[in-house]
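Student: final-v8.cif is the file, holding mmCIF, C-alpha atoms:
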```
data_start
#
loop_
_atom_site.label_atom_id
_atom_site.label_comp_id
_atom_site.auth_asym_id
_atom_site.auth_seq_id
_atom_site.Cartn_x
_atom_site.Cartn_y
_atom_site.Cartn_z
CA ILE A 1 -3.21 -7.70 23.88
CA VAL A 2 -0.50 -6.61 21.46
CA LYS A 3 1.41 -3.56 22.65
CA ALA A 4 3.29 -1.48 20.11
CA LYS A 5 6.74 -0.34 21.20
CA LYS A 6 7.62 1.57 18.07
CA ALA A 7 4.53 2.71 16.21
CA VAL A 8 0.92 2.00 15.28
CA VAL A 9 -0.22 1.98 11.65
CA SER A 10 -3.97 2.44 11.36
CA ASN A 11 -6.06 1.94 8.22
CA ALA A 12 -9.18 3.40 9.81
CA THR A 13 -10.89 6.11 7.79
CA PRO A 14 -10.40 9.72 8.96
CA PHE A 15 -13.98 9.68 10.18
CA ASP A 16 -13.47 6.55 12.28
CA THR A 17 -10.06 7.72 13.48
CA VAL A 18 -11.48 10.77 15.22
CA LYS A 19 -14.01 8.55 17.00
CA LEU A 20 -11.15 6.44 18.36
CA MET A 21 -9.33 9.55 19.62
CA PRO A 22 -11.78 11.66 21.64
CA GLU A 23 -10.61 15.10 22.67
CA GLN A 24 -8.78 15.25 25.99
CA GLU A 25 -8.29 18.12 28.35
CA GLY A 26 -4.95 19.86 27.91
CA GLU A 27 -4.12 18.26 24.57
CA ARG A 28 -1.94 20.13 22.09
CA LYS A 29 -3.66 22.61 19.79
CA GLU A 30 -1.99 20.89 16.83
CA LEU A 31 -3.80 17.64 17.68
CA THR A 32 -7.14 19.41 18.14
CA LYS A 33 -6.78 21.12 14.75
CA TRP A 34 -5.77 17.85 13.06
CA ARG A 35 -8.77 15.98 14.49
CA SER A 36 -11.15 18.74 13.48
CA GLU A 37 -9.87 18.90 9.90
CA ILE A 38 -9.61 15.22 9.02
CA GLY A 39 -12.95 14.45 10.63
CA LYS A 40 -14.69 16.91 8.31
CA LEU A 41 -13.14 15.84 5.02
CA PRO A 42 -15.65 15.29 2.21
CA ARG A 43 -16.58 11.67 1.62
CA HIS A 44 -18.19 9.48 -0.98
CA GLY A 45 -21.53 7.86 -0.28
CA ALA A 46 -21.96 4.27 0.86
CA ILE A 47 -21.52 1.11 -1.20
CA SER A 48 -23.48 -2.14 -1.65
CA HIS A 49 -21.99 -5.54 -2.45
CA LEU A 50 -23.32 -8.75 -3.96
CA PHE A 51 -21.34 -11.99 -3.69
CA LEU A 52 -22.37 -14.89 -5.92
CA ALA A 53 -21.35 -18.50 -6.42
CA ILE A 54 -22.76 -20.10 -9.56
CA ASP A 55 -22.86 -23.41 -11.39
CA ALA A 56 -20.76 -22.93 -14.54
CA GLU A 57 -21.63 -26.28 -16.15
CA GLY A 58 -22.00 -25.64 -19.89
CA LEU A 59 -21.30 -21.93 -19.40
CA ASP A 60 -19.15 -20.46 -22.16
CA LEU A 61 -17.27 -17.37 -20.99
CA SER A 62 -14.76 -17.33 -23.83
CA HIS A 63 -16.20 -13.96 -24.90
CA ILE A 64 -15.00 -12.44 -21.61
CA GLN A 65 -11.34 -11.52 -21.97
CA ASP A 66 -11.22 -9.25 -18.94
CA PRO A 67 -12.79 -10.57 -15.71
CA ALA A 68 -13.49 -7.02 -14.47
CA HIS A 69 -16.36 -5.04 -15.97
CA LEU A 70 -17.85 -1.60 -15.42
CA ILE A 71 -21.55 -1.30 -16.27
CA ILE A 72 -23.35 2.00 -16.90
CA GLN A 73 -27.10 1.76 -17.27
CA ASP A 74 -27.72 5.26 -18.65
CA TRP A 75 -25.02 7.66 -19.90
CA ASP A 76 -27.33 10.61 -19.25
CA ARG A 77 -27.40 9.87 -15.51
CA SER A 78 -24.71 10.61 -12.94
CA MET A 79 -21.98 8.04 -12.49
CA GLN A 80 -22.24 8.69 -8.75
CA ASP A 81 -25.74 7.19 -8.90
CA SER A 82 -25.42 3.72 -7.36
CA GLN A 83 -28.43 2.59 -9.40
CA ASN A 84 -26.66 3.58 -12.60
CA LEU A 85 -23.00 2.58 -12.31
CA CYS A 86 -21.68 -0.68 -10.88
CA SER A 87 -18.86 -3.15 -11.40
CA PHE A 88 -18.50 -6.91 -11.34
CA PHE A 89 -15.47 -9.13 -11.17
CA ILE A 90 -15.18 -12.87 -11.89
CA PRO A 91 -11.79 -13.75 -10.35
CA SER A 92 -12.23 -17.49 -10.94
CA ILE A 93 -11.71 -16.87 -14.67
CA LEU A 94 -8.08 -16.15 -13.84
CA ASP A 95 -7.60 -18.36 -10.79
CA LYS A 96 -9.35 -21.74 -11.00
CA SER A 97 -8.32 -22.59 -7.42
CA LEU A 98 -10.85 -20.11 -6.01
CA CYS A 99 -13.74 -22.54 -6.36
CA PRO A 100 -14.47 -26.19 -7.24
CA PRO A 101 -14.34 -27.31 -10.89
CA GLY A 102 -17.39 -26.26 -12.85
CA LYS A 103 -18.14 -23.28 -10.60
CA HIS A 104 -17.49 -19.53 -10.65
CA VAL A 105 -17.46 -16.82 -7.99
CA ILE A 106 -18.54 -13.26 -8.74
CA HIS A 107 -18.24 -10.01 -6.79
CA VAL A 108 -20.58 -7.18 -7.79
CA TYR A 109 -20.64 -3.74 -6.20
CA SER A 110 -22.29 -0.39 -6.67
CA SER A 111 -20.65 2.98 -7.16
CA GLY A 112 -19.68 4.84 -4.02
CA GLY A 113 -22.86 6.88 -4.18
CA GLU A 114 -25.36 4.71 -2.35
CA PRO A 115 -27.41 7.02 -0.05
CA TYR A 116 -26.90 6.06 3.58
CA GLU A 117 -29.89 7.88 5.04
CA PRO A 118 -32.57 5.30 4.05
CA TRP A 119 -30.43 2.52 5.50
CA GLU A 120 -29.84 4.10 8.89
CA LYS A 121 -33.59 4.05 9.53
CA LEU A 122 -33.71 0.26 9.13
CA THR A 123 -32.99 -2.52 11.63
CA PRO A 124 -30.70 -5.28 10.33
CA GLY A 125 -32.57 -8.57 10.15
CA SER A 126 -36.02 -6.97 9.93
CA GLU A 127 -38.37 -7.74 7.03
CA GLU A 128 -38.09 -4.14 5.83
CA TYR A 129 -34.29 -4.34 5.85
CA GLU A 130 -34.18 -7.61 3.90
CA ALA A 131 -36.69 -6.33 1.35
CA TYR A 132 -34.74 -3.10 0.84
CA LYS A 133 -31.50 -5.04 0.35
CA LYS A 134 -33.06 -7.08 -2.45
CA GLU A 135 -34.52 -3.95 -4.03
CA ARG A 136 -31.20 -2.05 -4.06
CA VAL A 137 -29.08 -4.92 -5.48
CA GLU A 138 -31.47 -5.71 -8.31
CA VAL A 139 -29.36 -3.42 -10.51
CA LEU A 140 -26.27 -5.46 -9.58
CA PHE A 141 -27.93 -8.66 -10.79
CA ARG A 142 -28.87 -6.93 -14.05
CA ALA A 143 -25.24 -5.87 -14.50
CA VAL A 144 -24.02 -9.48 -14.36
CA GLU A 145 -26.78 -10.55 -16.72
CA ASN A 146 -25.03 -8.53 -19.44
CA ALA A 147 -22.38 -11.27 -19.45
CA ILE A 148 -24.29 -14.24 -18.01
CA PRO A 149 -27.99 -13.88 -18.92
CA ASP A 150 -29.08 -16.92 -16.86
CA VAL A 151 -27.00 -16.10 -13.79
CA ARG A 152 -30.02 -16.27 -11.44
CA ASP A 153 -30.84 -19.79 -12.60
CA ARG A 154 -27.25 -20.83 -11.94
CA LEU A 155 -27.09 -19.43 -8.38
CA GLU A 156 -25.85 -21.80 -5.69
CA PHE A 157 -25.03 -19.14 -3.11
CA SER A 158 -25.55 -15.41 -2.76
CA ILE A 159 -25.09 -12.86 -0.02
CA ILE A 160 -25.77 -9.13 0.00
CA GLY A 161 -23.44 -6.70 1.74
CA SER A 162 -25.44 -3.59 2.58
CA PRO A 163 -23.96 -0.23 3.61
CA LEU A 164 -24.79 -1.18 7.21
CA ALA A 165 -22.76 -4.38 6.84
CA HIS A 166 -20.00 -2.40 5.15
CA GLU A 167 -19.98 -0.07 8.15
CA ALA A 168 -20.10 -2.81 10.78
CA PHE A 169 -17.64 -5.34 9.42
CA LEU A 170 -15.14 -2.98 7.78
CA ARG A 171 -15.43 -0.11 10.27
CA ARG A 172 -16.41 2.35 7.55
CA ASP A 173 -18.25 5.29 9.08
CA ARG A 174 -21.73 5.49 7.47
CA GLY A 175 -20.61 2.75 5.06
CA THR A 176 -18.55 5.26 3.09
CA TYR A 177 -16.54 4.22 0.04
CA GLY A 178 -13.83 6.67 1.03
CA MET A 179 -12.64 10.24 0.95
CA ALA A 180 -13.84 12.47 -1.90
CA TRP A 181 -11.40 15.37 -2.08
CA ALA A 182 -11.56 17.09 -5.49
CA ALA A 183 -8.46 17.00 -7.67
CA GLY A 184 -6.61 20.24 -8.27
CA SER A 185 -6.33 21.44 -4.67
CA SER A 186 -4.54 20.34 -1.53
CA ALA A 187 -6.39 18.60 1.25
CA PRO A 188 -5.94 19.71 4.86
CA GLN A 189 -3.04 18.05 6.68
CA SER A 190 -1.36 17.15 3.38
CA GLY A 191 2.12 17.92 4.71
CA ILE A 192 4.97 19.82 3.12
CA LEU A 193 4.12 18.56 -0.38
CA GLY A 194 0.66 20.11 -0.15
CA LYS A 195 2.20 23.55 0.24
CA PHE A 196 3.73 23.39 -3.23
CA LEU A 197 1.49 21.01 -5.21
CA PRO A 198 -2.27 20.37 -5.38
CA PHE A 199 -2.00 17.25 -3.22
CA PRO A 200 -5.49 15.86 -2.50
CA PHE A 201 -4.54 13.48 0.34
CA PRO A 202 -3.83 14.03 4.04
CA ASN A 203 -0.35 13.09 5.23
CA LEU A 204 0.07 9.59 6.63
CA LYS A 205 1.77 11.12 9.68
CA THR A 206 -0.24 12.50 12.59
CA PRO A 207 0.46 14.87 15.49
CA VAL A 208 0.61 11.78 17.73
CA ASP A 209 4.17 10.48 17.78
CA GLY A 210 4.26 6.90 16.55
CA LEU A 211 0.78 6.94 14.99
CA LEU A 212 0.69 6.64 11.21
CA ARG A 213 -2.30 6.25 8.94
CA CYS A 214 -2.71 4.28 5.73
CA GLY A 215 -5.60 3.24 3.50
CA ASP A 216 -7.74 4.94 0.90
CA SER A 217 -7.75 8.33 2.65
CA CYS A 218 -3.98 8.64 2.27
CA PHE A 219 -1.74 8.82 -0.80
CA PRO A 220 -2.16 7.30 -3.40
CA GLY A 221 -5.93 7.19 -2.74
CA ILE A 222 -9.00 5.00 -3.20
CA GLY A 223 -8.85 1.44 -4.52
CA THR A 224 -7.19 -1.81 -3.43
CA PRO A 225 -3.81 -1.23 -5.16
CA SER A 226 -3.63 2.34 -3.85
CA ALA A 227 -4.60 1.38 -0.31
CA ALA A 228 -2.03 -1.44 -0.30
CA ALA A 229 0.63 0.98 -1.58
CA SER A 230 -0.13 3.37 1.27
CA GLY A 231 0.55 0.54 3.72
CA ALA A 232 3.91 -0.08 2.07
CA ILE A 233 4.70 3.64 2.29
CA ALA A 234 3.87 3.61 6.00
CA ALA A 235 6.13 0.60 6.54
CA ASN A 236 8.95 2.26 4.62
CA THR A 237 8.52 5.40 6.69
CA MET A 238 9.38 3.39 9.80
CA THR A 239 12.28 1.48 8.27
CA HIS A 240 15.92 2.49 8.05
CA VAL A 241 17.03 3.44 4.53
CA ASP A 242 19.60 0.62 4.61
CA ASN A 243 16.71 -1.84 4.79
CA HIS A 244 15.20 -0.24 1.70
CA LEU A 245 18.43 -0.57 -0.26
CA GLN A 246 19.07 -4.12 0.94
CA MET A 247 15.60 -5.24 -0.16
CA LEU A 248 16.05 -3.66 -3.59
CA SER A 249 19.40 -5.41 -3.96
CA GLU A 250 17.92 -8.79 -2.99
CA ALA A 251 14.97 -8.35 -5.37
CA SER A 252 17.28 -7.40 -8.23
CA LYS A 253 18.97 -10.80 -7.97
CA LYS A 254 15.75 -12.84 -8.11
CA ASP A 255 15.39 -12.58 -11.86
CA PRO A 256 17.21 -10.74 -14.66
CA MET A 257 14.07 -8.72 -15.36
CA TYR A 258 14.42 -7.13 -11.88
CA LYS A 259 18.07 -6.17 -12.33
CA PHE A 260 17.05 -2.51 -12.70
CA LEU A 261 16.01 -2.45 -9.02
CA ASP A 262 19.62 -2.49 -7.82
CA ALA A 263 20.23 1.09 -6.69
CA GLY A 264 24.02 0.77 -6.96
CA VAL A 265 26.07 3.95 -6.60
CA MET A 266 22.96 6.12 -6.85
CA GLY A 267 21.54 4.29 -3.86
CA GLN A 268 24.55 5.17 -1.77
CA GLY A 269 24.09 8.81 -2.71
CA TYR A 270 20.44 8.60 -1.77
CA LYS A 271 21.37 6.99 1.54
CA TYR A 272 23.75 9.85 2.33
CA LEU A 273 20.97 12.37 1.75
CA VAL A 274 18.14 10.73 3.72
CA GLN A 275 19.66 8.39 6.31
CA GLY A 276 19.47 11.09 8.98
CA PHE A 277 15.66 11.26 8.83
CA THR A 278 14.54 7.84 7.56
CA PRO A 279 12.92 6.81 9.79
CA SER A 280 11.96 10.22 11.06
CA PRO A 281 13.07 11.20 14.58
CA GLU A 282 9.78 10.47 16.32
CA LEU A 283 9.85 6.89 14.97
CA ARG A 284 13.38 6.10 16.13
CA THR A 285 13.74 3.70 19.03
CA ASP A 286 16.84 2.73 20.94
CA GLN A 287 17.81 0.62 17.92
CA PHE A 288 18.03 3.87 15.93
CA VAL A 289 20.23 6.17 18.01
CA SER A 290 20.25 9.83 17.05
CA GLY A 291 22.45 10.74 14.14
CA SER A 292 22.98 9.15 10.76
CA GLY A 293 24.74 6.05 9.54
CA VAL A 294 23.16 3.67 12.06
CA ALA A 295 23.09 0.04 10.96
CA PRO A 296 19.58 -1.19 10.16
CA VAL A 297 17.68 -3.56 12.43
CA ASP A 298 16.81 -7.06 11.25
CA TYR A 299 13.02 -7.20 11.52
CA THR A 300 12.69 -10.82 10.44
CA ALA A 301 11.66 -13.63 12.75
CA THR A 302 15.27 -14.87 12.79
CA ASP A 303 16.31 -11.82 14.78
CA PRO A 304 17.16 -13.16 18.29
CA ASN A 305 16.03 -9.86 19.84
CA VAL A 306 12.59 -9.81 18.23
CA SER A 307 10.85 -10.86 21.46
CA GLU A 308 12.34 -7.85 23.23
CA ARG A 309 10.77 -5.45 20.73
CA ILE A 310 7.33 -7.00 20.46
CA ASP A 311 5.12 -7.70 23.48
CA LEU A 312 2.83 -10.57 22.48
CA LYS A 313 1.26 -11.14 25.90
#
```
Output the structure of this file as structure tokens.

Tutor:
Amino acid sequence: IVKAKKAVVSNATPFDTVKLMPEQEGERKELTKWRSEIGKLPRHGAISHLFLAIDAEGLDLSHIQDPAHLIIQDWDRSMQDSQNLCSFFIPSILDKSLCPPGKHVIHVYSSGGEPYEPWEKLTPGSEEYEAYKKERVEVLFRAVENAIPDVRDRLEFSIIGSPLAHEAFLRRDRGTYGMAWAAGSSAPQSGILGKFLPFPFPNLKTPVDGLLRCGDSCFPGIGTPSAAASGAIAANTMTHVDNHLQMLSEASKKDPMYKFLDAGVMGQGYKYLVQGFTPSPELRTDQFVSGSGVAPVDYTATDPNVSERIDLK
């Protein structure tokens, strides 16, 4: 059991988060309102995956300059239709270490519009389930065939990730691809920024002190780069501004091209403005006494006090 002494950062979806935090008698109205609003946010449909490993002997992919492709079957159909729009990615074109010589790995996935309702009626492992999986990913095979016509003959391994697998292994409620708040308006619980700008993401902070959220339902949104960035934002939210400036200074010295990262005098001005609330009061521990100008804590493994802050029992 790992016990958090400072904070918990959760990448669970809003819909899974409310399941993990059932309503309790006597809880604050602010928490009840927050749970009600984020649990009812609009969401995309489910998503299906197809993972392939193929024999690339004699396969010429020199015509593929970009390993990522978006395939649309019919421009007159909705791009939310999972049987119309899908993507595939061949990462081994860029990184040969991902598989043995003469092989390629491919990830194919549908749009986030796969209907969940037909899937929830099926039992994983049943004949009906396996047959439906093959039926729904046929369009994913056809997408890859645009670039590799004989991909099925080259197959050495394949596995289908259904919406039910997406839900079970990634803890995605109903296999959802993520939140689907429309641009141009502010989502509930979007914080101070949402009062002035059309900010379509809930705040990473919650009414529970020390609980922060990250992932595709927070700023900057859906997608791997965006979800990773939200994790960095959550980490920065918990870290003293001196740590921010120190990291920028260190990075600026790694290579001349990163010299611009050194905040210099402007950084000191920034520190003066925000050091009193970065991290915010509810995230301060005894290492961050109240008031500004506190020296940052060394969070690396070389810190002799690290075992006192983290309970690894």

Student: Would you mind reading off the distance between CA of Pro100 in chain A and CA of Ala56 in chain A, one decimal, in Å?

Tutor: 10.2 Å

Student: Do you know which residues the PyMOL selection byres ((chain A and resi 180-188) around 6) returns on this file, as a list in words?

Tutor: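 On the file shown, the PyMOL selection byres ((chain A and resi 180-188) around 6) covers Pro42, Arg43, His44, Met179, Gln189, Ser190, Gly194, Pro198, Phe199, Pro200, Phe201 and Pro202 of chain A.
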
Student: Find, counting only C-alpha atoms, the residue in A:Val241, A:Phe89, A:His49, A:Thr206 that gets nearest to Lys33 in chain A.

Tutor: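 Checking each of A:Val241, A:Phe89, A:His49, A:Thr206 against Lys33 in chain A, counting only C-alpha atoms, the winner is A:Thr206.
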
Student: What's the separation between CA of Val274 in chain A and CA of Lys259 in chain A, in Å to one decimal place?

Tutor: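 It comes out at 23.3 Å.
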
Student: Tell me which residues the PyMOL selection byres ((chain A and resi 80) around 9) grabs here, as an mmCIF file with C-alpha atoms, keeping the file's coordinate frame.

Tutor:
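Below is the file that was written, out-v4.cif:
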```cif
data_model
loop_
_atom_site.group_PDB
_atom_site.id
_atom_site.type_symbol
_atom_site.label_atom_id
_atom_site.label_comp_id
_atom_site.auth_asym_id
_atom_site.auth_seq_id
_atom_site.Cartn_x
_atom_site.Cartn_y
_atom_site.Cartn_z
ATOM 1 C CA HIS A 44 -18.190 9.480 -0.980
ATOM 2 C CA GLY A 45 -21.530 7.860 -0.280
ATOM 3 C CA ARG A 77 -27.400 9.870 -15.510
ATOM 4 C CA SER A 78 -24.710 10.610 -12.940
ATOM 5 C CA MET A 79 -21.980 8.040 -12.490
ATOM 6 C CA ASP A 81 -25.740 7.190 -8.900
ATOM 7 C CA SER A 82 -25.420 3.720 -7.360
ATOM 8 C CA GLN A 83 -28.430 2.590 -9.400
ATOM 9 C CA ASN A 84 -26.660 3.580 -12.600
ATOM 10 C CA LEU A 85 -23.000 2.580 -12.310
ATOM 11 C CA SER A 111 -20.650 2.980 -7.160
ATOM 12 C CA GLY A 112 -19.680 4.840 -4.020
ATOM 13 C CA GLY A 113 -22.860 6.880 -4.180
ATOM 14 C CA GLU A 114 -25.360 4.710 -2.350
#
```

Student: So the first atom is CA of Val208 in chain A and the second is CA of Ser226 in chain A; what is the distance between them in Å, to one decimal place?

Tutor: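 Between CA of Val208 in chain A and CA of Ser226 in chain A the gap is 23.9 Å.
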
Student: On this file, the PyMOL selection byres ((chain A and resi 129-137) around 8) gives some set of residues; write that set as a PDB file with C-alpha atoms, keeping the file's coordinate frame.

Tutor:
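Output file expr-v9.pdb follows:
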```pdb
ATOM      1  CA  SER A  48     -23.480  -2.140  -1.650  1.00  0.00           C
ATOM      2  CA  HIS A  49     -21.990  -5.540  -2.450  1.00  0.00           C
ATOM      3  CA  LEU A  50     -23.320  -8.750  -3.960  1.00  0.00           C
ATOM      4  CA  GLN A  83     -28.430   2.590  -9.400  1.00  0.00           C
ATOM      5  CA  TRP A 119     -30.430   2.520   5.500  1.00  0.00           C
ATOM      6  CA  LEU A 122     -33.710   0.260   9.130  1.00  0.00           C
ATOM      7  CA  THR A 123     -32.990  -2.520  11.630  1.00  0.00           C
ATOM      8  CA  PRO A 124     -30.700  -5.280  10.330  1.00  0.00           C
ATOM      9  CA  GLY A 125     -32.570  -8.570  10.150  1.00  0.00           C
ATOM     10  CA  SER A 126     -36.020  -6.970   9.930  1.00  0.00           C
ATOM     11  CA  GLU A 127     -38.370  -7.740   7.030  1.00  0.00           C
ATOM     12  CA  GLU A 128     -38.090  -4.140   5.830  1.00  0.00           C
ATOM     13  CA  GLU A 138     -31.470  -5.710  -8.310  1.00  0.00           C
ATOM     14  CA  VAL A 139     -29.360  -3.420 -10.510  1.00  0.00           C
ATOM     15  CA  LEU A 140     -26.270  -5.460  -9.580  1.00  0.00           C
ATOM     16  CA  PHE A 141     -27.930  -8.660 -10.790  1.00  0.00           C
ATOM     17  CA  ILE A 160     -25.770  -9.130   0.000  1.00  0.00           C
ATOM     18  CA  SER A 162     -25.440  -3.590   2.580  1.00  0.00           C
TER      19      SER A 162
END
```

Student: Using only C-alpha atoms for the distances, tell me which of A:Leu41, A:Ala7, A:Asp173, A:Ile1 is nearest to Ala235 in chain A.

Tutor: A:Ala7

Student: Pick the closest to Glu57 in chain A from A:Gly175, A:Pro91, A:Pro101, A:Pro163: which is it, counting only C-alpha atoms?

Tutor: A:Pro101

Student: Determine the nearest neighbour of Ala53 in chain A from the options A:Arg28, A:Lys205, A:His69, A:Arg154, counting only C-alpha atoms.

Tutor: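 Checking each of A:Arg28, A:Lys205, A:His69, A:Arg154 against Ala53 in chain A, counting only C-alpha atoms, the winner is A:Arg154.
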